[in-house]
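Q: Got a file for you: run20.cif, mmCIF, C-alpha atoms.
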```cif
data_entry
#
loop_
_atom_site.label_atom_id
_atom_site.label_comp_id
_atom_site.auth_asym_id
_atom_site.auth_seq_id
_atom_site.Cartn_x
_atom_site.Cartn_y
_atom_site.Cartn_z
CA MET A 1031 -61.58 52.71 29.58
CA SER A 1032 -60.21 49.22 28.87
CA ALA A 1033 -57.72 48.70 26.08
CA LYS A 1034 -59.05 47.37 22.81
CA ARG A 1035 -58.69 43.59 22.42
CA LYS A 1036 -55.99 42.42 20.08
CA THR A 1037 -57.19 40.72 16.89
CA VAL A 1038 -55.35 37.78 15.33
CA LEU A 1039 -55.93 35.97 12.06
CA VAL A 1040 -55.06 32.25 12.01
CA ALA A 1041 -54.73 30.85 8.48
CA PRO A 1042 -53.71 27.20 7.93
CA LEU A 1043 -53.00 25.75 4.50
CA ASN A 1044 -55.61 23.41 3.05
CA TRP A 1045 -53.38 20.42 2.24
CA GLY A 1046 -55.31 17.66 3.92
CA LEU A 1047 -56.25 18.22 7.56
CA GLY A 1048 -52.81 18.39 9.17
CA HIS A 1049 -52.12 22.12 9.03
CA ALA A 1050 -55.57 22.97 10.38
CA SER A 1051 -55.45 20.33 13.13
CA ARG A 1052 -52.14 21.53 14.54
CA CYS A 1053 -53.51 25.08 14.68
CA VAL A 1054 -56.25 23.94 17.06
CA PRO A 1055 -54.13 24.27 20.26
CA VAL A 1056 -52.83 27.65 19.02
CA ILE A 1057 -56.38 28.94 18.54
CA ARG A 1058 -57.42 27.71 21.98
CA ALA A 1059 -54.41 29.40 23.57
CA LEU A 1060 -55.25 32.67 21.80
CA GLU A 1061 -58.81 32.51 23.15
CA ASN A 1062 -57.44 31.87 26.65
CA ALA A 1063 -55.27 34.99 26.20
CA ASP A 1064 -58.44 37.05 25.54
CA VAL A 1065 -57.52 37.64 21.91
CA GLU A 1066 -60.22 38.13 19.28
CA VAL A 1067 -59.59 35.36 16.77
CA PHE A 1068 -60.49 35.19 13.09
CA LEU A 1069 -59.98 31.99 11.11
CA ALA A 1070 -59.26 31.72 7.40
CA SER A 1071 -58.73 28.79 5.05
CA ASP A 1072 -60.59 26.78 2.41
CA GLY A 1073 -61.82 23.27 1.65
CA VAL A 1074 -61.52 20.47 4.18
CA ALA A 1075 -59.20 22.54 6.38
CA MET A 1076 -61.89 25.18 6.77
CA GLY A 1077 -64.40 22.42 7.48
CA LEU A 1078 -62.25 21.17 10.35
CA LEU A 1079 -61.88 24.68 11.79
CA GLN A 1080 -65.63 25.24 11.64
CA ALA A 1081 -66.25 21.90 13.36
CA GLU A 1082 -63.78 22.69 16.15
CA PHE A 1083 -64.68 26.40 16.55
CA PRO A 1084 -68.27 26.98 15.38
CA HIS A 1085 -68.40 30.21 17.43
CA LEU A 1086 -65.50 31.88 15.59
CA PRO A 1087 -65.74 33.73 12.26
CA CYS A 1088 -64.20 31.67 9.46
CA LEU A 1089 -63.24 33.48 6.26
CA THR A 1090 -62.55 31.91 2.88
CA LEU A 1091 -59.13 32.17 1.25
CA PRO A 1092 -58.29 31.20 -2.36
CA SER A 1093 -57.72 27.51 -2.90
CA TYR A 1094 -54.38 26.15 -4.10
CA GLY A 1095 -56.19 23.12 -5.53
CA ILE A 1096 -53.15 20.84 -5.34
CA ARG A 1097 -53.66 17.35 -6.75
CA TYR A 1098 -51.29 14.43 -7.24
CA PHE A 1099 -51.21 13.43 -10.88
CA SER A 1100 -48.24 11.10 -10.47
CA ASN A 1101 -45.99 9.62 -7.80
CA ASN A 1102 -43.29 12.21 -8.60
CA MET A 1103 -43.85 15.16 -6.25
CA VAL A 1104 -41.40 17.41 -8.09
CA LEU A 1105 -43.35 16.94 -11.33
CA ASN A 1106 -46.65 17.41 -9.51
CA ILE A 1107 -45.59 20.76 -8.08
CA ALA A 1108 -43.81 21.90 -11.26
CA ARG A 1109 -46.91 21.15 -13.32
CA GLN A 1110 -49.11 23.17 -10.98
CA MET A 1111 -46.65 25.98 -10.19
CA PRO A 1112 -48.54 28.67 -12.18
CA ARG A 1113 -51.70 27.84 -10.23
CA ILE A 1114 -49.78 27.87 -6.92
CA LEU A 1115 -48.21 31.27 -7.62
CA TYR A 1116 -51.56 32.70 -8.71
CA ALA A 1117 -53.25 31.36 -5.57
CA ALA A 1118 -50.50 32.79 -3.31
CA ALA A 1119 -50.89 36.23 -4.93
CA ALA A 1120 -54.67 36.03 -4.60
CA GLU A 1121 -54.35 34.95 -0.97
CA HIS A 1122 -52.09 37.96 -0.27
CA ARG A 1123 -54.73 40.29 -1.74
CA ALA A 1124 -57.44 38.56 0.32
CA THR A 1125 -55.30 38.94 3.45
CA ASP A 1126 -54.96 42.66 2.78
CA ARG A 1127 -58.76 43.00 2.58
CA ILE A 1128 -59.23 41.03 5.81
CA VAL A 1129 -56.65 43.10 7.70
CA ARG A 1130 -58.25 46.38 6.64
CA LYS A 1131 -61.83 45.22 7.25
CA TYR A 1132 -61.33 43.65 10.68
CA GLY A 1133 -58.39 45.64 12.04
CA ILE A 1134 -56.09 42.64 12.41
CA HIS A 1135 -53.02 43.15 14.63
CA GLY A 1136 -51.25 39.84 14.05
CA ILE A 1137 -51.30 36.96 11.57
CA ILE A 1138 -50.38 33.34 12.29
CA SER A 1139 -50.05 31.50 9.00
CA ASP A 1140 -49.45 27.79 8.81
CA ASN A 1141 -47.62 27.28 5.51
CA ARG A 1142 -49.64 29.92 3.65
CA TYR A 1143 -46.83 32.02 2.24
CA GLY A 1144 -49.16 34.76 0.98
CA CYS A 1145 -50.73 35.40 4.38
CA PHE A 1146 -48.77 38.36 5.70
CA HIS A 1147 -49.26 42.13 5.82
CA ARG A 1148 -46.92 45.08 6.16
CA HIS A 1149 -48.99 46.56 9.03
CA THR A 1150 -49.27 43.40 11.15
CA ARG A 1151 -46.87 41.16 13.05
CA ASN A 1152 -46.54 38.02 10.95
CA VAL A 1153 -45.77 34.47 12.08
CA LEU A 1154 -45.27 31.46 9.86
CA ILE A 1155 -45.67 27.99 11.37
CA THR A 1156 -43.58 25.45 9.48
CA HIS A 1157 -41.22 22.58 10.13
CA GLN A 1158 -39.92 22.70 6.55
CA LEU A 1159 -36.76 24.79 6.68
CA ASN A 1160 -34.57 22.29 4.86
CA LEU A 1161 -36.53 20.75 1.98
CA ARG A 1162 -35.49 17.32 0.76
CA ILE A 1163 -35.64 17.23 -3.05
CA PRO A 1164 -34.20 14.57 -5.40
CA GLY A 1165 -31.00 15.98 -6.89
CA LYS A 1166 -28.56 18.16 -4.92
CA ARG A 1167 -28.62 21.10 -7.35
CA LEU A 1168 -32.41 21.21 -7.47
CA GLU A 1169 -32.55 20.87 -3.69
CA TYR A 1170 -30.18 23.83 -3.28
CA ILE A 1171 -32.18 26.04 -5.64
CA THR A 1172 -35.47 25.07 -3.97
CA ASN A 1173 -34.16 25.92 -0.51
CA GLN A 1174 -32.86 29.29 -1.71
CA LEU A 1175 -36.34 30.07 -3.05
CA LEU A 1176 -37.77 28.97 0.29
CA ARG A 1177 -35.53 31.50 2.09
CA LEU A 1178 -36.98 34.24 -0.12
CA ALA A 1179 -40.53 33.12 0.72
CA LEU A 1180 -39.74 33.26 4.45
CA ARG A 1181 -38.49 36.88 4.40
CA PRO A 1182 -41.85 38.67 4.86
CA PHE A 1183 -42.46 36.91 8.18
CA ASP A 1184 -41.26 38.45 11.44
CA ASP A 1185 -41.09 35.10 13.24
CA ILE A 1186 -40.86 31.47 12.16
CA TRP A 1187 -42.38 29.04 14.65
CA VAL A 1188 -40.95 25.54 14.18
CA PRO A 1189 -43.08 22.83 15.84
CA ASP A 1190 -40.14 20.72 16.94
CA THR A 1191 -37.25 20.80 19.40
CA ASP A 1192 -34.00 22.55 18.58
CA SER A 1193 -32.15 19.21 18.65
CA PRO A 1194 -31.27 17.66 15.26
CA ASP A 1195 -32.60 14.41 16.77
CA GLY A 1196 -36.07 15.95 17.06
CA LEU A 1197 -39.22 14.66 15.42
CA SER A 1198 -38.53 16.15 11.99
CA GLY A 1199 -34.84 15.28 11.83
CA ALA A 1200 -33.01 17.31 9.18
CA LEU A 1201 -36.18 18.91 7.77
CA SER A 1202 -36.35 21.65 10.40
CA HIS A 1203 -32.60 22.05 10.95
CA PRO A 1204 -31.03 23.77 7.94
CA PRO A 1205 -27.21 23.96 7.66
CA ALA A 1206 -27.42 27.74 8.04
CA GLY A 1207 -29.91 28.66 10.75
CA LEU A 1208 -32.48 31.45 10.68
CA ASN A 1209 -32.21 34.25 13.24
CA ASN A 1210 -35.99 34.55 13.55
CA ALA A 1211 -36.69 30.80 13.85
CA HIS A 1212 -38.04 29.70 17.24
CA TYR A 1213 -38.36 26.00 18.13
CA ILE A 1214 -41.65 25.82 20.03
CA GLY A 1215 -42.06 22.10 20.69
CA ILE A 1216 -44.65 19.92 19.01
CA LEU A 1217 -48.19 21.18 18.31
CA SER A 1218 -51.04 18.72 18.70
CA ARG A 1219 -54.69 18.75 19.67
CA ALA A 1220 -54.13 15.26 21.13
CA THR A 1221 -53.26 14.57 24.76
CA PRO A 1222 -51.57 11.58 26.44
CA VAL A 1223 -54.01 8.67 26.70
CA PRO A 1224 -54.29 6.29 29.66
CA ALA A 1225 -53.03 2.73 29.36
CA HIS A 1226 -55.71 0.21 28.35
CA GLU A 1227 -55.85 -3.54 28.56
CA ASP A 1228 -59.10 -4.10 26.66
CA PHE A 1229 -59.20 -2.11 23.43
CA GLU A 1230 -62.35 -1.41 21.47
CA TYR A 1231 -60.40 -1.53 18.20
CA ASP A 1232 -57.26 -3.34 17.18
CA ALA A 1233 -56.41 -0.47 14.84
CA ALA A 1234 -57.72 2.99 14.00
CA VAL A 1235 -57.07 3.91 10.37
CA ILE A 1236 -56.91 7.71 10.15
CA LEU A 1237 -56.92 8.92 6.55
CA SER A 1238 -55.87 12.35 5.33
CA GLY A 1239 -54.15 14.21 2.52
CA PRO A 1240 -54.98 15.34 -1.00
CA GLU A 1241 -56.89 13.30 -3.54
CA PRO A 1242 -56.70 10.96 -5.32
CA GLN A 1243 -54.17 9.31 -2.99
CA ARG A 1244 -56.44 9.51 0.06
CA THR A 1245 -59.10 7.44 -1.69
CA ARG A 1246 -56.55 4.99 -3.11
CA LEU A 1247 -55.14 4.28 0.35
CA GLU A 1248 -58.63 3.88 1.81
CA ARG A 1249 -59.52 1.24 -0.77
CA LEU A 1250 -56.27 -0.67 -0.30
CA LEU A 1251 -56.61 -0.78 3.47
CA LEU A 1252 -60.33 -1.63 3.41
CA ASP A 1253 -59.62 -4.60 1.16
CA GLN A 1254 -56.96 -6.00 3.50
CA ALA A 1255 -58.77 -5.14 6.74
CA SER A 1256 -61.91 -6.94 5.62
CA ARG A 1257 -59.91 -10.19 5.40
CA LEU A 1258 -58.28 -9.96 8.84
CA PRO A 1259 -59.61 -11.18 12.22
CA HIS A 1260 -59.20 -7.72 13.79
CA ARG A 1261 -61.54 -4.86 14.66
CA PHE A 1262 -60.93 -1.69 12.65
CA ILE A 1263 -62.36 1.79 12.52
CA PHE A 1264 -61.71 4.03 9.51
CA VAL A 1265 -61.76 7.82 9.93
CA GLN A 1266 -61.99 9.01 6.34
CA GLY A 1267 -60.87 12.61 6.83
CA ILE A 1268 -63.81 13.99 4.83
CA THR A 1269 -65.26 17.08 6.52
CA GLY A 1270 -68.44 17.51 4.49
CA ALA A 1271 -71.66 16.01 5.83
CA ARG A 1272 -70.97 13.99 8.98
CA THR A 1273 -71.59 10.29 8.41
CA HIS A 1274 -71.07 7.27 10.65
CA SER A 1275 -71.73 3.91 9.04
CA PRO A 1276 -72.73 0.95 11.23
CA PRO A 1277 -70.09 -1.77 11.44
CA ALA A 1278 -69.87 -4.02 8.40
CA GLY A 1279 -68.29 -7.19 9.71
CA ASN A 1280 -65.13 -6.11 11.53
CA ILE A 1281 -65.00 -2.53 10.17
CA SER A 1282 -66.65 0.71 11.32
CA MET A 1283 -66.57 3.89 9.21
CA VAL A 1284 -66.85 7.57 10.19
CA SER A 1285 -66.32 10.53 7.87
CA TYR A 1286 -64.40 12.69 10.36
CA MET A 1287 -63.88 13.31 14.07
CA THR A 1288 -63.20 16.37 16.17
CA GLY A 1289 -60.00 16.59 18.19
CA ALA A 1290 -61.69 15.34 21.37
CA GLU A 1291 -63.21 12.40 19.50
CA LEU A 1292 -59.88 11.48 17.91
CA ASN A 1293 -58.18 11.64 21.27
CA HIS A 1294 -60.73 9.19 22.67
CA LEU A 1295 -60.25 6.99 19.61
CA HIS A 1296 -56.50 6.85 20.28
CA ALA A 1297 -57.27 5.73 23.82
CA VAL A 1298 -59.53 2.85 22.77
CA SER A 1299 -57.37 1.66 19.83
CA ARG A 1300 -54.34 -0.59 20.18
CA TYR A 1301 -52.58 0.85 17.11
CA VAL A 1302 -52.97 3.71 14.63
CA VAL A 1303 -52.48 3.44 10.88
CA CYS A 1304 -51.95 6.77 9.12
CA ARG A 1305 -49.90 8.86 6.73
CA SER A 1306 -46.49 10.03 7.89
CA GLY A 1307 -47.57 13.65 7.61
CA TYR A 1308 -45.96 15.81 10.26
CA SER A 1309 -49.17 16.73 12.06
CA SER A 1310 -50.18 13.07 12.26
CA LEU A 1311 -46.80 12.29 13.79
CA MET A 1312 -47.22 15.04 16.38
CA ASP A 1313 -50.62 13.57 17.31
CA LEU A 1314 -49.04 10.13 17.72
CA ALA A 1315 -46.31 11.63 19.90
CA ALA A 1316 -48.82 13.50 22.05
CA SER A 1317 -51.02 10.44 22.60
CA GLY A 1318 -48.13 7.98 22.90
CA LYS A 1319 -49.57 5.55 20.35
CA ARG A 1320 -47.67 3.13 18.15
CA GLY A 1321 -48.60 2.01 14.67
CA ILE A 1322 -47.95 1.96 10.92
CA LEU A 1323 -46.85 4.92 8.79
CA ILE A 1324 -47.69 4.95 5.08
CA PRO A 1325 -46.18 7.97 3.27
CA THR A 1326 -48.04 9.52 0.36
CA PRO A 1327 -46.31 8.20 -2.79
CA GLY A 1328 -43.84 10.71 -4.16
CA GLN A 1329 -44.17 13.12 -1.23
CA THR A 1330 -40.51 13.34 -0.29
CA GLU A 1331 -41.12 14.88 3.14
CA GLN A 1332 -43.40 12.04 4.26
CA GLU A 1333 -41.06 9.44 2.80
CA TYR A 1334 -38.12 10.95 4.70
CA LEU A 1335 -40.07 11.11 7.98
CA ALA A 1336 -41.25 7.50 7.66
CA ARG A 1337 -37.66 6.31 7.06
CA HIS A 1338 -36.32 8.51 9.87
CA LEU A 1339 -38.76 7.18 12.47
CA SER A 1340 -38.68 3.60 11.24
CA ALA A 1341 -34.88 3.58 11.53
CA GLY A 1342 -35.25 4.62 15.16
CA ASN A 1343 -37.77 1.79 15.75
CA CYS A 1344 -40.46 4.30 16.67
CA PHE A 1345 -42.96 3.05 14.08
CA VAL A 1346 -43.44 0.54 11.31
CA ALA A 1347 -43.16 2.13 7.84
CA GLN A 1348 -44.68 0.64 4.68
CA GLU A 1349 -44.92 1.89 1.12
CA GLN A 1350 -48.42 2.28 -0.28
CA SER A 1351 -47.56 -0.06 -3.15
CA HIS A 1352 -46.41 -2.79 -0.72
CA ILE A 1353 -48.88 -2.61 2.15
CA ASP A 1354 -49.10 -5.70 4.33
CA LEU A 1355 -51.50 -4.73 7.08
CA ALA A 1356 -51.29 -8.02 8.96
CA ALA A 1357 -47.47 -8.02 9.06
CA GLY A 1358 -47.40 -4.33 9.95
CA LEU A 1359 -49.67 -4.72 12.94
CA GLN A 1360 -47.62 -7.66 14.19
CA ALA A 1361 -44.38 -5.68 13.83
CA ALA A 1362 -45.87 -2.61 15.56
CA GLU A 1363 -45.87 -4.53 18.84
CA LYS A 1364 -42.05 -4.26 18.92
CA THR A 1365 -41.84 -0.52 18.26
CA THR A 1366 -41.41 2.20 20.89
CA GLY A 1367 -43.59 5.10 19.74
CA LEU A 1368 -42.66 8.68 20.68
CA SER A 1369 -42.46 10.69 23.89
CA ALA A 1370 -44.57 13.83 24.27
CA ALA A 1371 -42.39 15.02 27.15
CA ALA A 1372 -39.18 14.70 25.16
CA LEU A 1373 -40.73 16.66 22.29
CA ARG A 1374 -41.98 19.45 24.60
CA LEU A 1375 -45.72 19.27 24.04
CA ASN A 1376 -47.44 22.60 24.89
CA ASP A 1377 -44.14 24.46 25.08
CA PHE A 1378 -45.51 26.80 22.41
CA GLU A 1379 -47.72 28.63 24.92
CA ARG A 1380 -44.79 30.64 26.29
CA HIS A 1381 -43.82 31.84 22.81
CA LEU A 1382 -47.42 32.70 22.00
CA ARG A 1383 -47.92 34.77 25.17
CA GLU A 1384 -44.75 36.73 24.44
CA TRP A 1385 -45.86 37.32 20.84
CA VAL A 1386 -49.33 38.51 21.87
CA GLY A 1387 -47.71 40.91 24.32
CA ARG A 1388 -45.82 42.56 21.45
CA LEU A 1389 -48.88 43.14 19.24
#
```
Would you kindly transcribe this structure into structure tokens?
A:
Amino acid sequence: MSAKRKTVLVAPLNWGLGHASRCVPVIRALENADVEVFLASDGVAMGLLQAEFPHLPCLTLPSYGIRYFSNNMVLNIARQMPRILYAAAAEHRATDRIVRKYGIHGIISDNRYGCFHRHTRNVLITHQLNLRIPGKRLEYITNQLLRLALRPFDDIWVPDTDSPDGLSGALSHPPAGLNNAHYIGILSRATPVPAHEDFEYDAAVILSGPEPQRTRLERLLLDQASRLPHRFIFVQGITGARTHSPPAGNISMVSYMTGAELNHLHAVSRYVVCRSGYSSLMDLAASGKRGILIPTPGQTEQEYLARHLSAGNCFVAQEQSHIDLAAGLQAAEKTTGLSAAALRLNDFERHLREWVGRL
């Protein structure tokens, strides 16, 4: 009689599309390892998972419902902290029900701190081990609270290299390391794209992140793009009903794309314009594209990453309040982009196989 297949729950946070998109290669690797996979999330993240894996069961977890009321991220989170704590507790109860109902052996949570269980082997995927918060005292307190939140997890998978010069810089390299932290290389559903001479688009604008900032950025960029002599395509990052508007002048619009479609879009676009969210950066590294980074206002992590990579001449960085699309595209020609090989793309598969073997 053959041994019973291992069952794994993969649960990315619904904070834009980034956490779900970087779980795509993990889910594929689990399927290749003959693991029975269950997916769990909410909102647009769950929509992306269902689009990528329509054959897998996708379960609903409580929504955090994070919104940006101001450009001060500390105030945004502080204002919504009761809701966040309630959602994390509710998500932990939902995880308990899922584990008991489906006989889950292991949980891979991407930044969902309530997704763990005492009877499973628990992994947290995060690059945020050293949060950057305005004010040294507040930063210290926040990072101590983060250490407490990490304790229930058996393993921490950090999608970066162990070098402080890695993609995330200081964010994933705390002064005091974690014994159960494993640097697994970058995670991306993108793949290196061939060199092109004739591009279909001068720039692909890939939108993501919580509202209302996603919509605000879309409007700002549409206004400037419509007045430039370049060809643009906007991927709105909206995973409801699939829409694809015919080109209006020099601009095409599509509501969302699967990983394979985005990879093709990278290949046929000269530059990419996107948020400096970590998953977006890993996609740019995997595909080798250059472009413009626009951090979400007040989101300290994205602001730090944009500065970090702009200082190294990898990308052009612009603030949302001072976007100059024409100047940014011209400056992008002189940037270097990132190297997938240097950031160990697909190195995670070795860690995943070892983890599955211990379930």
Q: Starting from the shown file, work through the PyMOL selection byres ((chain A and resi 1266) around 8) and note down what comes out as an MDAnalysis selection string.
A: chainID A and resid 1236:1238 1248 1264:1265 1267:1268 1283:1286
Q: Separation of CA of Phe1229 in chain A and CA of Lys1319 in chain A, in Å?
A: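 Going from CA of Phe1229 in chain A over to CA of Lys1319 in chain A covers 12.7 Å.
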Q: Could you work out how far CA of Trp1045 in chain A lies from CA of Ser1275 in chain A, giving the answer in Å with one decimal?
A: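 Here the two named atoms are 25.6 Å from each other.
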Q: Given the PyMOL selection byres ((chain A and resi 1338-1341) around 9) and the file above, list the residues it selects as number ranges by chain.
A: A: 1197-1199, 1323, 1333-1337, 1342-1347, 1365, 1367
Q: Which is closer to Ala1255 in chain A than all the others in A:Val1056, A:Ser1071, A:Ser1282, A:Leu1039, using only C-alpha atoms?
A: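 Of all the options, A:Ser1282 lies closest to Ala1255 in chain A.
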Q: Under the PyMOL selection byres ((chain A and resi 1041) around 7), which residues of this model are included? Write them out as a list in words.
A: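 Evaluating the PyMOL selection byres ((chain A and resi 1041) around 7) on this file yields Leu1039, Val1040, Pro1042, Leu1043, Leu1069, Ala1070, Ser1071, Ile1138, Ser1139 and Asp1140 of chain A.
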Q: Any idea what's packed within 10 Å of Leu1359 in chain A, counting all atoms listed in the file, ignoring anything in its chain fewer than 6 positions away? Could you give it as a count of residues only?
A: 10
Q: From the options A:Tyr1170, A:Tyr1143, A:Tyr1116, A:Phe1083, which residue's atoms come nearest to Val1054 in chain A, counting all atoms listed in the file?
A: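 Closest candidate: A:Phe1083.
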Q: Give me, as a ChimeraX atom specification, all polymer residues having an atom no more than 12 Å from range 1378-1384 of chain A, counting all atoms listed in the file and skipping those fewer than 5 positions away in the same chain.
A: /A:1038,1052-1053,1055-1065,1136-1138,1153,1155,1185-1191,1211-1218,1373,1389
Q: Using only C-alpha atoms, can you tell me which of A:Leu1078, A:Gly1328, A:Ala1362, A:Ala1124 comes closest to Gln1243 in chain A?
A: A:Gly1328
Q: Kindly give the distance, in Å, that separates CA of Val1129 in chain A and CA of Phe1068 in chain A, rounded to a single decimal.
A: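 Taking CA of Val1129 in chain A as the start and CA of Phe1068 in chain A as the end point, the length is 10.3 Å.
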Q: Some atoms are absent from range 1275-1300 of chain A, so rebuild N, CA and C atoms and return them as an mmCIF file, in the coordinates of the input.
A:
```cif
data_model
loop_
_atom_site.group_PDB
_atom_site.id
_atom_site.type_symbol
_atom_site.label_atom_id
_atom_site.label_comp_id
_atom_site.auth_asym_id
_atom_site.auth_seq_id
_atom_site.Cartn_x
_atom_site.Cartn_y
_atom_site.Cartn_z
ATOM 1 N N SER A 1275 -71.109 5.139 9.515
ATOM 2 C CA SER A 1275 -71.730 3.910 9.040
ATOM 3 C C SER A 1275 -71.684 2.849 10.125
ATOM 4 N N PRO A 1276 -72.767 2.058 10.266
ATOM 5 C CA PRO A 1276 -72.730 0.950 11.230
ATOM 6 C C PRO A 1276 -71.693 -0.069 10.812
ATOM 7 N N PRO A 1277 -71.150 -0.815 11.773
ATOM 8 C CA PRO A 1277 -70.090 -1.770 11.440
ATOM 9 C C PRO A 1277 -70.542 -2.766 10.383
ATOM 10 N N ALA A 1278 -69.659 -2.987 9.406
ATOM 11 C CA ALA A 1278 -69.870 -4.020 8.400
ATOM 12 C C ALA A 1278 -68.834 -5.095 8.655
ATOM 13 N N GLY A 1279 -69.254 -6.174 9.317
ATOM 14 C CA GLY A 1279 -68.290 -7.190 9.710
ATOM 15 C C GLY A 1279 -67.383 -6.644 10.804
ATOM 16 N N ASN A 1280 -66.099 -6.549 10.517
ATOM 17 C CA ASN A 1280 -65.130 -6.110 11.530
ATOM 18 C C ASN A 1280 -64.716 -4.655 11.360
ATOM 19 N N ILE A 1281 -65.427 -3.886 10.503
ATOM 20 C CA ILE A 1281 -65.000 -2.530 10.170
ATOM 21 C C ILE A 1281 -66.109 -1.518 10.429
ATOM 22 N N SER A 1282 -65.772 -0.443 11.158
ATOM 23 C CA SER A 1282 -66.650 0.710 11.320
ATOM 24 C C SER A 1282 -66.098 1.865 10.486
ATOM 25 N N MET A 1283 -66.980 2.770 10.051
ATOM 26 C CA MET A 1283 -66.570 3.890 9.210
ATOM 27 C C MET A 1283 -67.171 5.182 9.755
ATOM 28 N N VAL A 1284 -66.360 6.247 9.831
ATOM 29 C CA VAL A 1284 -66.850 7.570 10.190
ATOM 30 C C VAL A 1284 -66.154 8.580 9.287
ATOM 31 N N SER A 1285 -66.892 9.593 8.843
ATOM 32 C CA SER A 1285 -66.320 10.530 7.870
ATOM 33 C C SER A 1285 -65.221 11.388 8.482
ATOM 34 N N TYR A 1286 -65.447 11.933 9.672
ATOM 35 C CA TYR A 1286 -64.400 12.690 10.360
ATOM 36 C C TYR A 1286 -64.706 12.742 11.847
ATOM 37 N N MET A 1287 -63.729 13.163 12.623
ATOM 38 C CA MET A 1287 -63.880 13.310 14.070
ATOM 39 C C MET A 1287 -63.261 14.625 14.501
ATOM 40 N N THR A 1288 -63.815 15.199 15.556
ATOM 41 C CA THR A 1288 -63.200 16.370 16.170
ATOM 42 C C THR A 1288 -61.958 15.927 16.953
ATOM 43 N N GLY A 1289 -61.198 16.910 17.433
ATOM 44 C CA GLY A 1289 -60.000 16.590 18.190
ATOM 45 C C GLY A 1289 -60.291 15.747 19.417
ATOM 46 N N ALA A 1290 -61.342 16.097 20.157
ATOM 47 C CA ALA A 1290 -61.690 15.340 21.370
ATOM 48 C C ALA A 1290 -62.075 13.907 21.015
ATOM 49 N N GLU A 1291 -62.803 13.750 19.910
ATOM 50 C CA GLU A 1291 -63.210 12.400 19.500
ATOM 51 C C GLU A 1291 -62.011 11.572 19.046
ATOM 52 N N LEU A 1292 -61.089 12.197 18.333
ATOM 53 C CA LEU A 1292 -59.880 11.480 17.910
ATOM 54 C C LEU A 1292 -59.028 11.080 19.106
ATOM 55 N N ASN A 1293 -58.966 11.961 20.086
ATOM 56 C CA ASN A 1293 -58.180 11.640 21.270
ATOM 57 C C ASN A 1293 -58.760 10.416 21.985
ATOM 58 N N HIS A 1294 -60.088 10.368 22.078
ATOM 59 C CA HIS A 1294 -60.730 9.190 22.670
ATOM 60 C C HIS A 1294 -60.469 7.950 21.823
ATOM 61 N N LEU A 1295 -60.495 8.135 20.493
ATOM 62 C CA LEU A 1295 -60.250 6.990 19.610
ATOM 63 C C LEU A 1295 -58.835 6.447 19.816
ATOM 64 N N HIS A 1296 -57.857 7.313 19.984
ATOM 65 C CA HIS A 1296 -56.500 6.850 20.280
ATOM 66 C C HIS A 1296 -56.490 6.011 21.548
ATOM 67 N N ALA A 1297 -57.265 6.436 22.536
ATOM 68 C CA ALA A 1297 -57.270 5.730 23.820
ATOM 69 C C ALA A 1297 -57.855 4.333 23.704
ATOM 70 N N VAL A 1298 -58.834 4.148 22.833
ATOM 71 C CA VAL A 1298 -59.530 2.850 22.770
ATOM 72 C C VAL A 1298 -59.022 1.987 21.607
ATOM 73 N N SER A 1299 -57.934 2.421 20.940
ATOM 74 C CA SER A 1299 -57.370 1.660 19.830
ATOM 75 C C SER A 1299 -55.960 1.192 20.181
ATOM 76 N N ARG A 1300 -55.669 -0.052 19.867
ATOM 77 C CA ARG A 1300 -54.340 -0.590 20.180
ATOM 78 C C ARG A 1300 -53.267 0.088 19.327
#
```
